[in-house]
Amino acid sequence: MRLCATLCLILALCAPAALRAAPAAAPAAATASERLHALFESQWERRLRENPTWASYLGDPRYNDRWPDLRPDAIAASQRADREALQALHAIDRSELADADRLNYDIFALLLERAIAGQRFPTERIPVEHDGGPHSVAERLLQVLRPRTEKDHADWLARLRGYGDYIDQNIALMRAGLASGWVAPRAIMQRLPAQIAVQIVEDPADSRFYAPFAALPESIPQARREALQAQARTAVADTVLPALRRFQAFFNDEYLPRTRASIAAGELPDGKAWYDHLARGYTTTEMDAEAIHALGLSEVARIRIAMEAVRREVGFDGDLAAFFEHLRTDPKFFHADPQALLQHYRAIAKRIDPEVVRIFGRLPRMPYGVVPIPEAVAPDTTTAYYQGPAVDGSRAGYYYVNLYQPETRPIWEMVPLSLHEAVPGHHFQIALAQEMPEQPMFRRVSPFTAYVEGWGLYAEQLGYDMHLYEDPYDRMGQLAYEMWRAVRLVVDTGMHAKGWSRERAIEYFRANAPKTELDIVNEIDRYIATPGQALAYKIGQLKISALRARAEQALGAGFDLRAFHDAVLGAGALPLSVLEVRIDAWIAAQAQMAE
C-alpha cells in the first residue's frame, strides 16, 4: 500500500471517515458550488466502498467486514469511474465558483488527472513490498482497528471468512505481473519467505488473525463470546491458514524464482515513464531525475561541512568516516533493553510537548501516543512511523517506534526522529488538517507527499527554535537526519534512473551518514520497493525553509514565527506551488497590516 502506489491511491486516501449516507444526486438547478460539493461527496463514498481497508485506516467502520475487490473488472471499473469523475468536474463552470472552491476544484482536478495518468502503469500487479503484503495485512490493520464491540468482532470474523478470496485475487494479480513483466526485484523479495512463514501456525489461536478474539470484552455475553471464539478458530483453520499456505507455495515456488534481477523502476515495461510520473507526483514539481540527482549531491556536500564542524566541536580525533563509525558503534549511544528505549522515546515526547507553544499559535486538539511497532514486522520496517488519528476523533494519533535490536537504535537520532514523526511534525500537520471542518474531506486528508514529508523534515530543524539541540550529539543527529534525506535524492535517482546497483547505493549512504547498517539496508530496500517516494522529503523541506527565509527578509522585525507556521499548516497539505502562492499572499497581508 505504498505511498503509483501513492498516486494511484491518492483518492483512496482522500475519503471521509465520518459516518454518513451516500449523498443524493445534485438537483438540476443546483449552483456550481453545490454540484461541486455533491461530486466531492459521491467520489469519497465511492472510494471508501472500493477501498474498505483504507476506510478502516481512516476510522470509518462501515466497510470493516470486507476486503478490496481486486478482480480485473473491478479495477477497470474504478479507473473508468475516475475518468467519468473528471468529466463531471469539467462540466462544472469554474468561473462561477468562489475563490475557496476554485482552489478545491483545481486540487481535485490535479488528483484525478494524476490518478488517470497512472492508469497506464499496472502497479496493482506488484502488491508485495520488502516489509509486507497480503500475508501481513492483519499486523497493519489491527494497529488501527482494535475491535471492542460485538459488531467489531463480527466484522473481523467476516474478513477472516473472505480472506481466501482476497489472497487468491492477489495471487492472480501477481501472475498477471509475471506475464506482463511487472515483477518485484529479487533483492527485496528475498525477505518475504520468512515473513510469510511466521504467519503460518499450527494452532489457529496463535495466529495474528485470531488475536482480537483472544480476550473478548466482558460486555459481550459469555455464550456469545464462546461462539465468536469458536467461529474465529474455524475461520482461521479452514480459510486463513490454507490461504496463507497457498500464498506461501505460490510465492516460494512460482514467484520468487521469476522475480527480476534488476532493481530499477526504469527496467520495468514503460518504466522510465513510470519513474518520471512518480517523481513529478511525489515532489509536486516538474524536476527530472538529473536535476534531482544534482540537487542531492549539492545538499550532501553542504551538510558534510556542517558535520565536520560538529566533529571538531566534540574533539573527535579522526576523519568524518571514523566519526560515523564511532556514532554507529560506541555503546554509550545505545540502549541495551527495548523497554528502556521505549521509555526514552516517551520522555523525549514529553520534553518536546511544552516547547511547541514557543513557535505555534494553533495546536491540535487530538492527542498522540508513543507505542512499539509490532514485533512481527519490526525487523523489516523503518525506524519509526506515524499513524494518523481517525477523522471522527475516535482514535488518537500514534508515533510507532522500532524496538527491534535496540543496539542499532542510536540515542542521538531520537530527538529529530520524534520531531518529525510526532510533534510538531506529522501529528501537528495531519491532526490540524483533519480539524478543519470548513474544508471538504479530500482537503483534510490529502497526501501531497512533498508537503507532508517536507513539513516533517522541516520540523526536525525546529528543535533549534525550541532549544532542544543544546547537546552537540543531538545536533549531529539532526544533521544525520537531514543528510539521510539528501542522500535519498542521490540514491533513489541513482538506482531507478542512472543504473546504480543496490550495493552502490548502500555504500554511498554508509559513506555520507552515520545511520546504522540495519537502518541503511532497510532504507535502501524501501527506496527500491517504492520508487520516487524518497524524493519528496528534501524537496518539500527546502521549499518550506525558503518560504520562511523569504518571509523573514520581507517582514524583518515584524516576522512572527508562530503566525508563519499557522499559515503553512492552515490549509492542509498542498502542492508546493500552491503553498508558495499562499505564503506569498500571507507575507503581503502581514506587510500591509504593519504599515
# chains A, B, ... in the order shown; residues from 1 in each chain; ligands from 1
>>> residues_around(residues="Phe360 in chain A", least_positions_apart="4", cutoff="10 Å", atoms="only C-alpha atoms", output="PyMOL selection string")
chain A and resi 355-356+424+428+560-566
>>> residues_around(residues="Ser298 in chain A", least_positions_apart="6", cutoff="12 Å", atoms="only C-alpha atoms", output="ChimeraX atom specification")
/A:291-292,304-305,483,486-487,489-490,538
>>> write_last_selection(atoms="N, CA and C atoms", output="PDB file, in the first residue's frame")
ATOM      1  N   ALA A 291      18.047  16.638 -12.537  1.00  0.00           N
ATOM      2  CA  ALA A 291      18.026  17.819 -11.674  1.00  0.00           C
ATOM      3  C   ALA A 291      17.944  17.416 -10.204  1.00  0.00           C
ATOM      4  N   ILE A 292      17.143  16.414  -9.902  1.00  0.00           N
ATOM      5  CA  ILE A 292      17.016  15.962  -8.514  1.00  0.00           C
ATOM      6  C   ILE A 292      18.327  15.348  -8.032  1.00  0.00           C
ATOM      7  N   ARG A 304      27.812  17.840   4.790  1.00  0.00           N
ATOM      8  CA  ARG A 304      29.087  17.278   5.268  1.00  0.00           C
ATOM      9  C   ARG A 304      29.936  18.355   5.951  1.00  0.00           C
ATOM     10  N   ILE A 305      29.908  19.559   5.431  1.00  0.00           N
ATOM     11  CA  ILE A 305      30.680  20.650   6.040  1.00  0.00           C
ATOM     12  C   ILE A 305      30.180  20.914   7.457  1.00  0.00           C
ATOM     13  N   MET A 483      20.949  14.769   6.347  1.00  0.00           N
ATOM     14  CA  MET A 483      21.800  14.097   5.365  1.00  0.00           C
ATOM     15  C   MET A 483      21.100  12.863   4.800  1.00  0.00           C
ATOM     16  N   ALA A 486      18.933  13.989   2.121  1.00  0.00           N
ATOM     17  CA  ALA A 486      19.714  14.434   0.957  1.00  0.00           C
ATOM     18  C   ALA A 486      20.260  13.229   0.193  1.00  0.00           C
ATOM     19  N   VAL A 487      20.738  12.239   0.931  1.00  0.00           N
ATOM     20  CA  VAL A 487      21.228  11.007   0.308  1.00  0.00           C
ATOM     21  C   VAL A 487      20.127  10.352  -0.520  1.00  0.00           C
ATOM     22  N   LEU A 489      17.878  11.685  -2.351  1.00  0.00           N
ATOM     23  CA  LEU A 489      17.787  12.271  -3.685  1.00  0.00           C
ATOM     24  C   LEU A 489      18.806  11.638  -4.621  1.00  0.00           C
ATOM     25  N   VAL A 490      19.968  11.317  -4.080  1.00  0.00           N
ATOM     26  CA  VAL A 490      21.052  10.751  -4.885  1.00  0.00           C
ATOM     27  C   VAL A 490      20.798   9.279  -5.176  1.00  0.00           C
ATOM     28  N   LYS A 538      13.227  16.069   1.027  1.00  0.00           N
ATOM     29  CA  LYS A 538      14.184  17.178   0.959  1.00  0.00           C
ATOM     30  C   LYS A 538      13.652  18.306   0.088  1.00  0.00           C
TER      31      LYS A 538
END
>>> atom_distance(atom1="CA of Ser207 in chain A", atom2="CA of Val236 in chain A")
7.7 Å
>>> residues_around(residues="Leu192 in chain A", least_positions_apart="4", cutoff="9 Å", atoms="only C-alpha atoms", output="list in words")
Val128, Glu129, His130, Asp131, Gly132, Gly133, Ile188, Ile196, Ala197, Phe251 and Asn252 of chain A
>>> write_last_selection(atoms="all heavy atoms", output="PDB file, in the first residue's frame")
ATOM      1  N   VAL A 128       3.156  -6.667  -3.274  1.00  0.00           N
ATOM      2  CA  VAL A 128       4.035  -7.014  -2.162  1.00  0.00           C
ATOM      3  C   VAL A 128       5.217  -6.063  -2.138  1.00  0.00           C
ATOM      4  O   VAL A 128       5.655  -5.570  -3.175  1.00  0.00           O
ATOM      5  CB  VAL A 128       4.539  -8.474  -2.270  1.00  0.00           C
ATOM      6  CG1 VAL A 128       3.427  -9.449  -1.950  1.00  0.00           C
ATOM      7  CG2 VAL A 128       5.106  -8.758  -3.665  1.00  0.00           C
ATOM      8  N   GLU A 129       5.704  -5.804  -0.936  1.00  0.00           N
ATOM      9  CA  GLU A 129       6.878  -4.968  -0.751  1.00  0.00           C
ATOM     10  C   GLU A 129       7.859  -5.679   0.165  1.00  0.00           C
ATOM     11  O   GLU A 129       7.567  -6.770   0.658  1.00  0.00           O
ATOM     12  CB  GLU A 129       6.470  -3.607  -0.180  1.00  0.00           C
ATOM     13  CG  GLU A 129       5.551  -2.830  -1.107  1.00  0.00           C
ATOM     14  CD  GLU A 129       5.061  -1.532  -0.500  1.00  0.00           C
ATOM     15  OE1 GLU A 129       5.455  -1.229   0.639  1.00  0.00           O
ATOM     16  OE2 GLU A 129       4.283  -0.829  -1.162  1.00  0.00           O
ATOM     17  N   HIS A 130       8.982  -5.039   0.408  1.00  0.00           N
ATOM     18  CA  HIS A 130      10.002  -5.684   1.217  1.00  0.00           C
ATOM     19  C   HIS A 130       9.558  -5.902   2.654  1.00  0.00           C
ATOM     20  O   HIS A 130      10.073  -6.783   3.341  1.00  0.00           O
ATOM     21  CB  HIS A 130      11.280  -4.848   1.201  1.00  0.00           C
ATOM     22  CG  HIS A 130      11.164  -3.560   1.952  1.00  0.00           C
ATOM     23  ND1 HIS A 130      10.331  -2.530   1.542  1.00  0.00           N
ATOM     24  CD2 HIS A 130      11.758  -3.119   3.096  1.00  0.00           C
ATOM     25  CE1 HIS A 130      10.424  -1.537   2.385  1.00  0.00           C
ATOM     26  NE2 HIS A 130      11.280  -1.852   3.341  1.00  0.00           N
ATOM     27  N   ASP A 131       8.589  -5.096   3.116  1.00  0.00           N
ATOM     28  CA  ASP A 131       8.188  -5.183   4.518  1.00  0.00           C
ATOM     29  C   ASP A 131       6.744  -5.643   4.690  1.00  0.00           C
ATOM     30  O   ASP A 131       6.165  -5.462   5.758  1.00  0.00           O
ATOM     31  CB  ASP A 131       8.400  -3.844   5.225  1.00  0.00           C
ATOM     32  CG  ASP A 131       7.591  -2.712   4.592  1.00  0.00           C
ATOM     33  OD1 ASP A 131       6.996  -2.922   3.519  1.00  0.00           O
ATOM     34  OD2 ASP A 131       7.560  -1.617   5.181  1.00  0.00           O
ATOM     35  N   GLY A 132       6.170  -6.248   3.672  1.00  0.00           N
ATOM     36  CA  GLY A 132       4.829  -6.767   3.879  1.00  0.00           C
ATOM     37  C   GLY A 132       4.049  -6.941   2.598  1.00  0.00           C
ATOM     38  O   GLY A 132       4.534  -6.706   1.494  1.00  0.00           O
ATOM     39  N   GLY A 133       2.813  -7.368   2.770  1.00  0.00           N
ATOM     40  CA  GLY A 133       1.919  -7.629   1.653  1.00  0.00           C
ATOM     41  C   GLY A 133       0.641  -8.242   2.189  1.00  0.00           C
ATOM     42  O   GLY A 133       0.332  -8.124   3.386  1.00  0.00           O
ATOM     43  N   ILE A 188      14.803  -7.517  -2.932  1.00  0.00           N
ATOM     44  CA  ILE A 188      13.972  -7.228  -1.764  1.00  0.00           C
ATOM     45  C   ILE A 188      12.940  -8.314  -1.492  1.00  0.00           C
ATOM     46  O   ILE A 188      12.493  -8.485  -0.363  1.00  0.00           O
ATOM     47  CB  ILE A 188      13.281  -5.857  -1.894  1.00  0.00           C
ATOM     48  CG1 ILE A 188      12.402  -5.781  -3.134  1.00  0.00           C
ATOM     49  CG2 ILE A 188      14.308  -4.748  -1.911  1.00  0.00           C
ATOM     50  CD1 ILE A 188      11.587  -4.500  -3.234  1.00  0.00           C
ATOM     51  N   ILE A 196       6.261 -14.626   5.523  1.00  0.00           N
ATOM     52  CA  ILE A 196       5.086 -15.466   5.297  1.00  0.00           C
ATOM     53  C   ILE A 196       5.083 -16.631   6.275  1.00  0.00           C
ATOM     54  O   ILE A 196       4.052 -16.967   6.874  1.00  0.00           O
ATOM     55  CB  ILE A 196       5.059 -15.981   3.843  1.00  0.00           C
ATOM     56  CG1 ILE A 196       5.001 -14.797   2.863  1.00  0.00           C
ATOM     57  CG2 ILE A 196       3.868 -16.913   3.623  1.00  0.00           C
ATOM     58  CD1 ILE A 196       5.267 -15.183   1.415  1.00  0.00           C
ATOM     59  N   ALA A 197       6.248 -17.246   6.454  1.00  0.00           N
ATOM     60  CA  ALA A 197       6.340 -18.425   7.321  1.00  0.00           C
ATOM     61  C   ALA A 197       5.902 -18.126   8.742  1.00  0.00           C
ATOM     62  O   ALA A 197       5.262 -18.966   9.393  1.00  0.00           O
ATOM     63  CB  ALA A 197       7.767 -18.965   7.300  1.00  0.00           C
ATOM     64  N   PHE A 251       4.328 -18.066  -3.757  1.00  0.00           N
ATOM     65  CA  PHE A 251       5.422 -17.106  -3.689  1.00  0.00           C
ATOM     66  C   PHE A 251       6.772 -17.818  -3.770  1.00  0.00           C
ATOM     67  O   PHE A 251       7.639 -17.426  -4.566  1.00  0.00           O
ATOM     68  CB  PHE A 251       5.351 -16.279  -2.411  1.00  0.00           C
ATOM     69  CG  PHE A 251       6.366 -15.170  -2.381  1.00  0.00           C
ATOM     70  CD1 PHE A 251       6.065 -13.930  -2.937  1.00  0.00           C
ATOM     71  CD2 PHE A 251       7.631 -15.368  -1.861  1.00  0.00           C
ATOM     72  CE1 PHE A 251       7.008 -12.915  -2.966  1.00  0.00           C
ATOM     73  CE2 PHE A 251       8.582 -14.359  -1.875  1.00  0.00           C
ATOM     74  CZ  PHE A 251       8.267 -13.128  -2.438  1.00  0.00           C
ATOM     75  N   ASN A 252       6.955 -18.859  -2.961  1.00  0.00           N
ATOM     76  CA  ASN A 252       8.259 -19.513  -2.896  1.00  0.00           C
ATOM     77  C   ASN A 252       8.587 -20.299  -4.159  1.00  0.00           C
ATOM     78  O   ASN A 252       9.739 -20.312  -4.610  1.00  0.00           O
ATOM     79  CB  ASN A 252       8.316 -20.443  -1.692  1.00  0.00           C
ATOM     80  CG  ASN A 252       8.302 -19.695  -0.374  1.00  0.00           C
ATOM     81  OD1 ASN A 252       8.416 -18.471  -0.333  1.00  0.00           O
ATOM     82  ND2 ASN A 252       8.131 -20.417   0.722  1.00  0.00           N
TER      83      ASN A 252
END
>>> closest_residue(among="A:Thr516, A:Thr449, A:Ser42, A:Thr53", to="Glu325 in chain A", atoms="only C-alpha atoms")
A:Thr516
>>> residues_around(residues="range 526-532 of chain A", least_positions_apart="6", cutoff="9 Å", atoms="only C-alpha atoms", output="PyMOL selection string")
chain A and resi 2-5+128-131+184-185+187-188+263-265+275-283+381-382+488-489+491-493+495-496+502
>>> atom_distance(atom1="CA of Gly454 in chain A", atom2="CA of Ile544 in chain A")
7.3 Å
>>> residues_around(residues="range 366-372 of chain A", least_positions_apart="4", cutoff="12 Å", atoms="only C-alpha atoms", output="NGL selection string")
:A and (143 or 338-350 or 353 or 376-378 or 382-404 or 406 or 418 or 421-435)
>>> residues_around(residues="range 147-154 of chain A", least_positions_apart="5", cutoff="9 Å", atoms="only C-alpha atoms", output="PyMOL selection string")
chain A and resi 61+64-65+142+159+212-213+216-217+219-220+224-225+228
>>> write_last_selection(atoms="all heavy atoms", output="compact mmCIF listing (two decimals), in the first residue's frame")
# COMPACT_ATOMS: atom_id res chain seq x y z
N PRO A 61 -16.00 2.70 10.08
CA PRO A 61 -16.19 1.26 10.30
C PRO A 61 -17.18 0.60 9.36
O PRO A 61 -17.40 -0.61 9.46
CB PRO A 61 -16.71 1.21 11.74
CG PRO A 61 -17.51 2.47 11.87
CD PRO A 61 -16.77 3.51 11.05
N ASN A 64 -15.78 -2.49 7.47
CA ASN A 64 -14.82 -3.30 8.21
C ASN A 64 -15.02 -4.81 8.02
O ASN A 64 -14.23 -5.60 8.52
CB ASN A 64 -14.92 -3.00 9.71
CG ASN A 64 -14.19 -1.71 10.09
OD1 ASN A 64 -13.54 -1.10 9.26
ND2 ASN A 64 -14.33 -1.31 11.34
N ASP A 65 -16.06 -5.20 7.28
CA ASP A 65 -16.34 -6.62 7.09
C ASP A 65 -15.88 -7.13 5.73
O ASP A 65 -16.21 -8.25 5.35
CB ASP A 65 -17.84 -6.90 7.25
CG ASP A 65 -18.68 -6.13 6.24
OD1 ASP A 65 -18.15 -5.19 5.61
OD2 ASP A 65 -19.88 -6.45 6.11
N LEU A 142 -4.78 -4.34 12.43
CA LEU A 142 -5.12 -4.41 13.85
C LEU A 142 -4.44 -3.31 14.66
O LEU A 142 -4.78 -3.10 15.82
CB LEU A 142 -4.79 -5.78 14.41
CG LEU A 142 -5.69 -6.91 13.87
CD1 LEU A 142 -5.26 -8.26 14.41
CD2 LEU A 142 -7.16 -6.65 14.21
N ARG A 159 -14.19 -10.70 7.70
CA ARG A 159 -12.96 -10.55 6.93
C ARG A 159 -12.15 -11.85 6.95
O ARG A 159 -11.55 -12.23 5.93
CB ARG A 159 -12.12 -9.38 7.49
CG ARG A 159 -12.48 -8.05 6.85
CD ARG A 159 -11.60 -6.93 7.31
NE ARG A 159 -11.79 -5.74 6.44
CZ ARG A 159 -11.58 -4.50 6.81
NH1 ARG A 159 -11.14 -4.24 8.04
NH2 ARG A 159 -11.77 -3.50 5.97
N PRO A 212 -7.84 -10.68 17.89
CA PRO A 212 -8.93 -9.93 18.51
C PRO A 212 -9.89 -10.79 19.34
O PRO A 212 -10.64 -10.25 20.17
CB PRO A 212 -9.67 -9.32 17.31
CG PRO A 212 -8.65 -9.26 16.23
CD PRO A 212 -7.81 -10.48 16.43
N PHE A 213 -9.84 -12.12 19.14
CA PHE A 213 -10.76 -13.00 19.85
C PHE A 213 -10.13 -13.63 21.09
O PHE A 213 -10.81 -14.34 21.83
CB PHE A 213 -11.25 -14.10 18.91
CG PHE A 213 -12.01 -13.57 17.73
CD1 PHE A 213 -11.36 -13.28 16.54
CD2 PHE A 213 -13.38 -13.33 17.82
CE1 PHE A 213 -12.06 -12.76 15.45
CE2 PHE A 213 -14.08 -12.81 16.74
CZ PHE A 213 -13.42 -12.53 15.55
N LEU A 216 -12.06 -11.41 24.62
CA LEU A 216 -13.20 -10.60 24.21
C LEU A 216 -13.72 -9.76 25.37
O LEU A 216 -13.60 -10.15 26.53
CB LEU A 216 -14.31 -11.50 23.68
CG LEU A 216 -14.01 -12.20 22.36
CD1 LEU A 216 -15.08 -13.24 22.05
CD2 LEU A 216 -13.92 -11.20 21.22
N PRO A 217 -14.29 -8.60 25.08
CA PRO A 217 -14.78 -7.72 26.15
C PRO A 217 -15.87 -8.38 26.99
O PRO A 217 -16.70 -9.15 26.48
CB PRO A 217 -15.34 -6.52 25.37
CG PRO A 217 -14.71 -6.58 24.03
CD PRO A 217 -14.46 -8.01 23.74
N SER A 219 -18.37 -7.04 28.04
CA SER A 219 -19.68 -6.51 27.64
C SER A 219 -20.43 -7.47 26.71
O SER A 219 -21.64 -7.36 26.54
CB SER A 219 -19.52 -5.15 26.96
OG SER A 219 -18.67 -5.26 25.83
N ILE A 220 -19.70 -8.39 26.09
CA ILE A 220 -20.32 -9.40 25.24
C ILE A 220 -20.70 -10.59 26.12
O ILE A 220 -19.86 -11.09 26.87
CB ILE A 220 -19.36 -9.84 24.12
CG1 ILE A 220 -18.94 -8.64 23.27
CG2 ILE A 220 -20.00 -10.91 23.24
CD1 ILE A 220 -17.89 -8.96 22.22
N ARG A 224 -22.06 -15.80 23.91
CA ARG A 224 -21.73 -15.21 22.61
C ARG A 224 -20.23 -15.13 22.42
O ARG A 224 -19.73 -15.33 21.31
CB ARG A 224 -22.36 -13.81 22.52
CG ARG A 224 -22.17 -13.13 21.17
CD ARG A 224 -22.77 -13.93 20.05
NE ARG A 224 -22.52 -13.31 18.76
CZ ARG A 224 -22.35 -13.97 17.63
NH1 ARG A 224 -22.41 -15.30 17.61
NH2 ARG A 224 -22.13 -13.32 16.50
N ARG A 225 -19.49 -14.83 23.50
CA ARG A 225 -18.01 -14.81 23.40
C ARG A 225 -17.50 -16.18 22.96
O ARG A 225 -16.64 -16.29 22.09
CB ARG A 225 -17.39 -14.42 24.74
CG ARG A 225 -17.64 -12.97 25.15
CD ARG A 225 -16.62 -12.48 26.16
NE ARG A 225 -16.54 -13.29 27.35
CZ ARG A 225 -17.28 -13.10 28.44
NH1 ARG A 225 -18.18 -12.11 28.46
NH2 ARG A 225 -17.14 -13.87 29.50
N LEU A 228 -18.28 -16.77 19.29
CA LEU A 228 -17.41 -16.00 18.41
C LEU A 228 -16.01 -16.60 18.34
O LEU A 228 -15.41 -16.68 17.26
CB LEU A 228 -17.33 -14.55 18.89
CG LEU A 228 -18.53 -13.64 18.57
CD1 LEU A 228 -18.40 -12.32 19.32
CD2 LEU A 228 -18.63 -13.37 17.07
>>> closest_residue(among="A:Phe448, A:Tyr464, A:Trp586, A:Tyr458", to="Gln533 in chain A", atoms="only C-alpha atoms")
A:Phe448
>>> atom_distance(atom1="CA of Glu290 in chain A", atom2="CA of Leu518 in chain A")
28.6 Å
>>> closest_residue(among="A:Asp288, A:Asp168, A:Asp319, A:Glu308", to="Phe247 in chain A", atoms="only C-alpha atoms")
A:Asp168
